[in-house]
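This is upload.txt (compact mmCIF, C-alpha atoms and all ligand atoms).
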```
# COMPACT_ATOMS: atom_id res chain seq x y z
CA MET H 263 3.22 16.77 24.12
CA ALA H 264 6.14 16.92 21.72
CA LYS H 265 7.23 19.10 18.81
CA ILE H 266 8.03 16.99 15.74
CA LEU H 267 9.66 18.26 12.55
CA VAL H 268 8.46 16.28 9.52
CA THR H 269 10.38 16.56 6.23
CA GLY H 270 8.33 15.66 3.17
CA ALA H 271 5.20 16.74 5.09
CA ALA H 272 3.22 17.53 1.92
CA GLY H 273 3.80 14.08 0.48
CA PHE H 274 1.72 10.93 0.68
CA ILE H 275 3.15 9.40 3.88
CA GLY H 276 4.22 12.78 5.29
CA SER H 277 0.75 14.32 5.19
CA HIS H 278 -0.84 11.29 6.88
CA THR H 279 1.92 11.29 9.49
CA THR H 280 1.31 15.00 10.08
CA ASP H 281 -2.45 14.46 10.44
CA PHE H 282 -1.88 11.59 12.88
CA LEU H 283 0.53 13.59 15.04
CA LEU H 284 -1.79 16.61 15.13
CA ALA H 285 -4.72 14.37 16.12
CA GLU H 286 -2.60 13.11 19.01
CA GLY H 287 -2.08 16.71 20.17
CA GLN H 288 1.55 17.06 19.05
CA THR H 289 2.96 20.18 17.41
CA VAL H 290 4.27 19.63 13.86
CA VAL H 291 6.82 21.68 11.94
CA GLY H 292 6.35 20.68 8.30
CA VAL H 293 9.10 20.99 5.68
CA ASP H 294 8.56 20.41 1.96
CA ASN H 295 9.72 21.94 -1.33
CA LEU H 296 6.70 20.44 -3.15
CA ARG H 297 8.91 18.51 -5.58
CA THR H 298 6.42 15.65 -5.62
CA GLY H 299 4.15 16.65 -2.73
CA HIS H 300 1.01 18.78 -2.83
CA ARG H 301 -0.11 21.57 -0.52
CA GLU H 302 -3.68 20.23 -0.81
CA ASN H 303 -2.57 17.11 1.09
CA LEU H 304 -2.22 19.41 4.10
CA THR H 305 -5.57 21.19 3.79
CA ALA H 306 -6.75 19.89 7.18
CA ALA H 307 -3.36 20.29 8.87
CA LEU H 308 -3.00 23.91 7.75
CA ARG H 309 -6.11 24.76 9.76
CA SER H 310 -4.36 23.70 12.97
CA PRO H 311 -2.58 26.32 15.12
CA ARG H 312 -0.11 23.53 15.96
CA PHE H 313 1.09 23.21 12.35
CA ALA H 314 3.19 25.34 10.02
CA LEU H 315 4.63 24.46 6.60
CA HIS H 316 8.13 25.66 5.68
CA PRO H 317 8.84 25.55 1.94
CA LEU H 318 12.51 24.65 1.98
CA ASP H 319 14.84 22.25 0.22
CA VAL H 320 16.28 19.74 2.68
CA ALA H 321 19.22 19.15 0.32
CA ALA H 322 20.23 22.85 0.33
CA PRO H 323 23.18 23.23 2.74
CA GLY H 324 22.27 25.20 5.87
CA ALA H 325 18.54 25.55 5.22
CA LEU H 326 17.25 22.75 7.44
CA ALA H 327 19.91 23.33 10.12
CA ALA H 328 18.73 26.94 10.54
CA LEU H 329 15.11 25.87 10.90
CA VAL H 330 15.97 23.09 13.36
CA ALA H 331 18.07 25.54 15.41
CA ALA H 332 15.15 27.98 15.52
CA GLU H 333 12.42 25.41 16.23
CA ARG H 334 14.30 22.99 18.53
CA PRO H 335 12.03 19.98 17.81
CA ASP H 336 12.07 16.92 20.09
CA ALA H 337 12.30 14.66 17.05
CA ILE H 338 12.73 14.80 13.28
CA ILE H 339 10.84 12.41 10.98
CA HIS H 340 12.80 12.48 7.72
CA LEU H 341 10.57 11.45 4.82
CA ALA H 342 11.63 13.89 2.08
CA ALA H 343 13.37 11.99 -0.71
CA LEU H 344 13.60 11.15 -4.35
CA VAL H 345 11.09 8.34 -4.01
CA SER H 346 11.26 6.53 -7.31
CA VAL H 347 13.57 3.60 -7.97
CA GLN H 348 13.32 4.27 -11.73
CA GLU H 349 14.23 7.94 -11.34
CA SER H 350 17.23 6.98 -9.20
CA ILE H 351 18.41 4.70 -12.02
CA ALA H 352 17.92 7.44 -14.62
CA ASN H 353 19.57 10.12 -12.46
CA PRO H 354 21.92 8.64 -9.83
CA ALA H 355 23.51 12.03 -9.08
CA LEU H 356 20.14 13.47 -8.10
CA ASN H 357 19.49 10.34 -6.05
CA PHE H 358 22.78 10.94 -4.21
CA SER H 359 21.88 14.55 -3.50
CA LEU H 360 18.25 14.03 -2.42
CA ASN H 361 18.63 10.67 -0.69
CA LEU H 362 22.09 10.63 0.85
CA GLN H 363 23.42 14.19 1.01
CA ALA H 364 20.04 15.31 2.38
CA THR H 365 20.18 12.61 5.07
CA HIS H 366 23.64 13.84 6.06
CA LEU H 367 22.24 17.36 6.42
CA VAL H 368 19.42 16.00 8.60
CA ALA H 369 21.93 14.17 10.79
CA GLU H 370 24.06 17.28 11.08
CA ALA H 371 21.06 19.48 11.90
CA ALA H 372 20.05 17.01 14.64
CA ARG H 373 23.56 16.95 16.08
CA ALA H 374 24.01 20.72 16.02
CA SER H 375 20.72 21.39 17.82
CA GLY H 376 20.70 18.44 20.20
CA VAL H 377 17.58 16.79 18.73
CA GLY H 378 16.84 13.65 20.74
CA ARG H 379 15.50 11.40 18.04
CA VAL H 380 15.54 10.98 14.24
CA VAL H 381 13.08 8.70 12.45
CA PHE H 382 14.09 7.76 8.92
CA ALA H 383 11.95 6.57 6.00
CA SER H 384 13.88 3.55 4.83
CA SER H 385 12.59 0.93 2.42
CA ALA H 386 12.29 -2.77 1.68
CA ALA H 387 14.41 -1.85 -1.37
CA ILE H 388 17.53 -2.12 0.82
CA TYR H 389 17.17 -5.93 0.83
CA GLY H 390 17.29 -6.41 -2.95
CA ASP H 391 16.19 -9.60 -4.66
CA GLY H 392 16.45 -13.24 -3.68
CA VAL H 393 16.09 -12.74 0.07
CA ALA H 394 14.38 -15.52 2.07
CA GLN H 395 10.70 -14.71 2.71
CA PRO H 396 9.37 -13.36 4.97
CA VAL H 397 12.23 -10.88 5.09
CA ARG H 398 13.74 -10.33 8.53
CA GLU H 399 15.76 -7.24 9.44
CA ALA H 400 19.00 -9.24 9.78
CA ALA H 401 18.78 -10.51 6.18
CA GLU H 402 21.72 -9.76 3.93
CA LYS H 403 21.31 -6.39 2.22
CA ARG H 404 21.92 -6.44 -1.52
CA PRO H 405 20.24 -3.33 -2.95
CA VAL H 406 19.92 -3.43 -6.72
CA SER H 407 19.27 0.27 -7.40
CA PRO H 408 20.84 3.62 -6.49
CA TYR H 409 17.66 4.29 -4.50
CA GLY H 410 18.02 1.13 -2.38
CA ALA H 411 21.73 1.77 -1.90
CA ALA H 412 21.13 5.35 -0.75
CA LYS H 413 18.47 4.22 1.72
CA LEU H 414 20.86 1.62 3.18
CA ALA H 415 23.74 4.09 3.35
CA SER H 416 21.41 6.65 4.97
CA GLU H 417 20.49 4.17 7.70
CA ASP H 418 24.16 3.58 8.49
CA LEU H 419 25.00 7.26 8.35
CA LEU H 420 22.21 8.16 10.78
CA LEU H 421 22.90 5.23 13.12
CA GLY H 422 26.60 6.15 13.25
CA HIS H 423 25.80 9.79 13.96
CA GLY H 424 23.29 8.82 16.62
CA ALA H 425 25.72 6.46 18.36
CA CYS H 426 28.52 9.01 18.28
CA TYR H 427 26.63 12.19 19.17
CA GLY H 428 24.01 10.72 21.47
CA PHE H 429 20.63 10.73 19.73
CA THR H 430 18.22 7.88 19.01
CA VAL H 431 17.72 6.78 15.40
CA ARG H 432 14.74 4.72 14.28
CA CYS H 433 14.86 3.38 10.71
CA GLN H 434 11.46 2.39 9.31
CA ARG H 435 11.72 -0.06 6.40
CA TYR H 436 8.39 0.44 4.67
CA PHE H 437 7.08 -2.25 2.35
CA ASN H 438 4.36 -1.33 -0.20
CA VAL H 439 2.46 1.60 1.29
CA TYR H 440 -0.96 2.45 -0.16
CA GLY H 441 -3.89 4.73 0.57
CA PRO H 442 -5.48 8.08 -0.21
CA ARG H 443 -3.22 10.88 -1.59
CA GLN H 444 -0.81 8.51 -3.32
CA ASP H 445 -0.22 10.25 -6.62
CA PRO H 446 -1.60 8.07 -9.47
CA ALA H 447 -0.39 10.60 -12.03
CA SER H 448 3.20 9.62 -11.30
CA PRO H 449 4.50 6.92 -13.65
CA TYR H 450 6.36 5.55 -10.65
CA SER H 451 3.36 5.25 -8.38
CA GLY H 452 2.43 2.09 -6.54
CA VAL H 453 0.30 -0.55 -8.21
CA ILE H 454 -2.69 0.14 -5.94
CA SER H 455 -2.98 3.81 -6.84
CA ILE H 456 -2.68 2.92 -10.53
CA PHE H 457 -5.34 0.18 -10.22
CA ALA H 458 -7.57 2.54 -8.21
CA ARG H 459 -7.45 5.18 -10.91
CA ARG H 460 -8.06 2.72 -13.78
CA TYR H 461 -11.08 1.17 -12.04
CA ARG H 462 -12.42 4.62 -11.14
CA GLU H 463 -12.19 5.56 -14.81
CA GLY H 464 -13.97 2.31 -15.77
CA LYS H 465 -10.89 0.96 -17.58
CA PRO H 466 -9.42 -2.55 -17.22
CA VAL H 467 -6.00 -2.88 -15.58
CA ALA H 468 -3.00 -4.54 -17.23
CA ILE H 469 -1.19 -7.15 -15.16
CA TYR H 470 2.38 -7.95 -16.14
CA GLY H 471 3.11 -11.66 -15.78
CA ASP H 472 0.58 -14.16 -14.43
CA GLY H 473 -0.59 -11.97 -11.56
CA ARG H 474 0.58 -14.44 -8.94
CA GLN H 475 3.40 -12.14 -7.84
CA THR H 476 2.78 -10.95 -4.27
CA ARG H 477 3.49 -7.87 -2.19
CA ASP H 478 3.12 -6.87 1.45
CA PHE H 479 0.71 -3.94 1.22
CA VAL H 480 0.58 -1.74 4.31
CA ALA H 481 -2.03 0.99 4.77
CA VAL H 482 -0.71 4.53 5.00
CA ARG H 483 -2.63 5.26 8.21
CA ASP H 484 -0.90 2.30 9.86
CA VAL H 485 2.43 3.69 8.62
CA ALA H 486 1.56 7.11 10.06
CA ARG H 487 0.90 5.48 13.43
CA ALA H 488 4.21 3.60 13.22
CA ASN H 489 6.01 6.89 12.51
CA ALA H 490 4.33 8.59 15.46
CA LEU H 491 5.31 5.70 17.74
CA ALA H 492 8.91 5.81 16.55
CA ALA H 493 9.08 9.57 17.16
CA THR H 494 7.33 9.78 20.51
CA ARG H 495 7.31 6.44 22.36
CA PRO H 496 9.37 6.87 25.53
CA GLY H 497 12.48 4.78 26.10
CA LEU H 498 13.21 3.63 22.55
CA ILE H 499 16.77 2.77 21.62
CA SER H 500 18.21 3.02 18.10
CA GLY H 501 17.31 0.33 15.59
CA ALA H 502 15.70 -0.60 12.29
CA VAL H 503 12.41 -2.46 11.75
CA ASN H 504 10.21 -3.57 8.88
CA ILE H 505 6.96 -1.66 8.63
CA CYS H 506 4.73 -4.24 6.98
CA THR H 507 1.79 -6.52 7.65
CA GLY H 508 3.38 -9.96 7.25
CA ARG H 509 0.59 -10.85 4.79
CA ALA H 510 1.10 -11.48 1.08
CA THR H 511 -1.46 -10.30 -1.48
CA SER H 512 -1.20 -11.24 -5.15
CA LEU H 513 -1.99 -8.82 -7.96
CA ARG H 514 -4.82 -11.16 -8.98
CA GLU H 515 -6.34 -10.84 -5.52
CA LEU H 516 -6.01 -7.05 -5.72
CA ALA H 517 -7.80 -6.97 -9.07
CA GLU H 518 -10.56 -9.22 -7.66
CA ILE H 519 -11.16 -6.82 -4.75
CA PHE H 520 -11.33 -3.85 -7.12
CA SER H 521 -13.67 -5.79 -9.45
CA THR H 522 -16.04 -6.51 -6.58
CA HIS H 523 -16.34 -2.78 -5.94
CA ASN H 524 -16.50 -1.93 -9.67
CA PRO H 525 -18.55 -4.76 -11.24
CA GLY H 526 -18.96 -2.98 -14.59
CA VAL H 527 -15.24 -2.83 -15.38
CA ALA H 528 -13.79 -5.41 -17.81
CA ALA H 529 -11.48 -8.15 -16.50
CA PRO H 530 -7.74 -7.43 -16.30
CA THR H 531 -5.57 -7.94 -19.37
CA TYR H 532 -2.32 -9.86 -19.04
CA ALA H 533 0.98 -8.76 -20.58
CA PRO H 534 4.45 -10.38 -20.53
CA ALA H 535 6.30 -10.07 -17.21
CA ARG H 536 8.63 -7.06 -17.04
CA PRO H 537 12.32 -7.83 -16.66
CA GLY H 538 13.56 -6.95 -13.19
CA ASP H 539 10.16 -7.22 -11.49
CA ILE H 540 10.56 -9.29 -8.35
CA LEU H 541 8.10 -12.12 -7.76
CA HIS H 542 7.49 -11.92 -4.04
CA SER H 543 8.07 -9.34 -1.32
CA LEU H 544 6.85 -10.14 2.18
CA GLY H 545 8.10 -8.65 5.42
CA ASP H 546 8.31 -10.10 8.91
CA PRO H 547 6.59 -7.61 11.23
CA ALA H 548 7.76 -9.18 14.53
CA SER H 549 10.53 -6.65 15.34
CA ALA H 550 8.22 -3.67 14.87
CA GLY H 551 5.88 -5.30 17.36
CA ALA H 552 8.63 -5.98 19.88
CA GLU H 553 10.56 -2.72 19.52
CA LEU H 554 7.89 -0.13 18.72
CA GLY H 555 4.72 -1.80 19.95
CA PHE H 556 3.45 -1.49 16.36
CA LYS H 557 1.16 -3.87 14.54
CA ALA H 558 -0.54 -3.06 11.24
CA THR H 559 -4.27 -3.47 11.79
CA THR H 560 -5.77 -2.68 8.38
CA ALA H 561 -6.46 -5.74 6.20
CA VAL H 562 -6.00 -5.07 2.48
CA ALA H 563 -9.69 -5.65 1.69
CA LYS H 564 -10.71 -3.05 4.30
CA GLY H 565 -7.98 -0.58 3.31
CA LEU H 566 -8.95 -0.83 -0.34
CA ALA H 567 -12.65 -0.41 0.44
CA GLU H 568 -11.79 2.81 2.32
CA LEU H 569 -9.54 4.02 -0.49
CA ILE H 570 -12.24 3.35 -3.09
CA SER H 571 -14.94 5.14 -1.10
CA GLU H 572 -12.71 8.10 -0.16
CA THR H 573 -11.53 8.70 -3.71
CA ALA H 574 -14.86 8.07 -5.42
CA VAL H 575 -15.85 10.90 -7.76
CA PRO H 576 -19.28 12.17 -6.68
CA LEU H 577 -21.89 11.58 -9.39
CA LEU H 578 -23.51 14.73 -10.78
CA SER H 579 -27.27 14.57 -10.81
N1 LIG X 1 5.30 4.94 -0.69
C1 LIG X 1 5.97 3.82 -0.43
O1 LIG X 1 5.46 2.70 -0.67
C2 LIG X 1 7.35 3.88 0.19
C3 LIG X 1 8.03 2.67 0.40
C4 LIG X 1 9.31 2.73 0.98
C5 LIG X 1 9.86 3.94 1.36
N2 LIG X 1 9.19 5.10 1.12
C6 LIG X 1 9.83 6.36 1.54
O2 LIG X 1 8.90 7.12 2.29
C7 LIG X 1 9.17 8.52 2.12
C8 LIG X 1 7.90 9.23 1.70
O3 LIG X 1 7.47 8.70 0.43
P1 LIG X 1 6.06 9.03 -0.22
O4 LIG X 1 5.57 7.76 -0.84
O5 LIG X 1 5.20 9.75 0.76
O6 LIG X 1 6.48 9.98 -1.42
P2 LIG X 1 6.03 11.50 -1.76
O7 LIG X 1 6.69 11.85 -3.06
O8 LIG X 1 4.55 11.62 -1.70
O9 LIG X 1 6.67 12.31 -0.55
C9 LIG X 1 7.98 12.84 -0.55
C10 LIG X 1 7.88 14.29 -0.16
O10 LIG X 1 9.19 14.86 -0.01
C11 LIG X 1 9.23 16.12 -0.64
N3 LIG X 1 10.61 16.39 -1.02
C12 LIG X 1 11.37 15.69 -1.90
N4 LIG X 1 12.61 16.20 -1.95
C13 LIG X 1 12.63 17.25 -1.07
C14 LIG X 1 13.64 18.16 -0.66
N5 LIG X 1 14.87 18.11 -1.19
N6 LIG X 1 13.34 19.11 0.25
C15 LIG X 1 12.08 19.16 0.79
N7 LIG X 1 11.09 18.32 0.44
C16 LIG X 1 11.36 17.37 -0.48
C17 LIG X 1 8.29 15.98 -1.81
O11 LIG X 1 7.82 17.22 -2.33
C18 LIG X 1 7.17 15.12 -1.22
O12 LIG X 1 6.18 15.92 -0.61
C19 LIG X 1 10.32 8.60 1.11
O13 LIG X 1 11.53 8.74 1.81
C20 LIG X 1 10.24 7.26 0.40
O14 LIG X 1 11.50 6.90 -0.14
C21 LIG X 1 7.95 5.10 0.54
```
Take the structure in this file and express it as structure tokens.
Amino acid sequence: MAKILVTGAAGFIGSHTTDFLLAEGQTVVGVDNLRTGHRENLTAALRSPRFALHPLDVAAPGALAALVAAERPDAIIHLAALVSVQESIANPALNFSLNLQATHLVAEAARASGVGRVVFASSAAIYGDGVAQPVREAAEKRPVSPYGAAKLASEDLLLGHGACYGFTVRCQRYFNVYGPRQDPASPYSGVISIFARRYREGKPVAIYGDGRQTRDFVAVRDVARANALAATRPGLISGAVNICTGRATSLRELAEIFSTHNPGVAAPTYAPARPGDILHSLGDPASAGAELGFKATTAVAKGLAELISETAVPLLS
């Protein structure tokens, strides 16, 4: 069994990744400064003797390197980040610090302590708009936000470090991740968590545009499994893959699924399309299958049904 250090462990993807690794029998060293994460996401993990949470800032020089030197993990899964495209546009300096400088500190910590593998949370945002669908990894990268640019630069920075200093780097280009613990209170949250909260509150959702825009929604538990594979599967070489399903779901279809589970809620309202919103985003999952042995297995209808039942507010009698 391996020891894996997970940055951003208290976040949405980080806490599910931690739970998955612990269920596999791995030891997990969690790191999070709770900027957007929540300790409650780790309620189950904190009961495990194979888990500890270290409240440190990955972007603070020296902090992570000292922990990595003390813990000597087999792999680092680097998920901690400024996760919002909009926030990166409003505050590009903070984006640089939390998304690129922090990645450099992760790469340096790995090099200094001889960590064998680094898994990086990249994003479909590195591709930008107007890419042929489904998007393949070799597509031209034209990020259109500081966030997307920092993710792309982080991939290169890590891959260069890995090639030079002899560790494996796996870049995971997540598409639209959804599931329990995604923070609906955040104005930047994914459409599914916002829809889930509106329907739970009995309120109709607003759809911008005609609702025919599509996304590749991948369930967070599938993403957690992909992260565990990237960190622990023997014999992997460095590379970057899409973490997606290869299936497109429109916002109309999403609303229909939610309506089926919440028949009393009024039909969606439609508002003018928002400038800058892309119409379609669909990934090609073939490389993740070939390189990691990963295939997303949760269909959106099933993933949403689980999300709705897990987040249902119990009725008081
Ligand atoms: N959710 C998605 O659909 C999606 C899509 C593409 C990429 N990603 C990437 O996946 C990763 C995880 O995203 P998420 O959706 O779980 O978001 P999240 O906000 O739930 O998780 C990020 C975690 O990192 C922590 N963190 C942030 N800055 C930190 C720092 N300087 N030091 C220590 N901890 C810090 C936060 O407190 C939080 O717990 C991010 O790198 C994000 O860019 C997410």
Spatial neighbours of region 299-308 of chain H, max dist 8 Å, only C-alpha atoms, sep filter under 5 positions, as a ChimeraX atom specification: /H:270-274,277,280-281,284,294,313-315,443
Quick one: residues within 8 Å of region 419-431 of chain H, only C-alpha atoms, excluding same-chain residues fewer than 6 positions away - as a list in words? Thr365, His366, Ala369, Arg373, Gly376, Val377, Gly378, Arg379, Val380, Val381, Phe382, Leu498, Ile499, Ser500 and Gly501 of chain H
Could you list, with a cut-off of 9 Å and counting only C-alpha atoms, the residues of region 351-433 of chain H near region 543-555 of chain H, each shown with its nearest atom pair and the distance in Å rounded to one decimal, rows sorted by chain and ascending number, as CSV?
```
residue,atom,partner,partner_atom,distance
H:Ala386,CA,H:Gly545,CA,8.1
H:Asp391,CA,H:Ser543,CA,8.8
H:Val393,CA,H:Ser543,CA,8.8
H:Gln395,CA,H:Leu544,CA,6.0
H:Pro396,CA,H:Gly545,CA,4.9
H:Val397,CA,H:Gly545,CA,4.7
H:Arg398,CA,H:Asp546,CA,5.4
H:Glu399,CA,H:Ser549,CA,7.9
```
Point out the residue among H:Val406, H:Ala486, H:Ala264, H:Ala372 with the least atom-to-atom distance to ligand LIG 1 (chain X), counting only C-alpha atoms and all ligand atoms.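 Result for the nearest residue to ligand LIG 1 (chain X): H:Ala486.
Considering only C-alpha atoms and all ligand atoms, the residue among H:Pro354, H:Pro335, H:Gly452, H:Pro408 positioned nearest to ligand LIG 1 (chain X) is H:Gly452.
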What does the distance from CA of Thr560 (chain H) to CA of Arg487 (chain H) come to in Å, to one decimal? 11.7 Å
CA of Leu344 (chain H) and atom C12 of ligand LIG 1 (chain X), how far apart in Å?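 Value for the atom C12 of ligand LIG 1 (chain X)-CA of Leu344 (chain H) distance: 5.6 Å.
If you measure from each of H:Ile338, H:Val368, H:Ala321, H:Ala488 to ligand LIG 1 (chain X) using all atoms listed in the file, the closest one turns out to be H:Ala321.
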Between atom C17 of ligand LIG 1 (chain X) and CA of Val345 (chain H), what distance in Å does the model show, to one decimal?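 Taking atom C17 of ligand LIG 1 (chain X) as the start and CA of Val345 (chain H) as the end point, the length is 8.4 Å.
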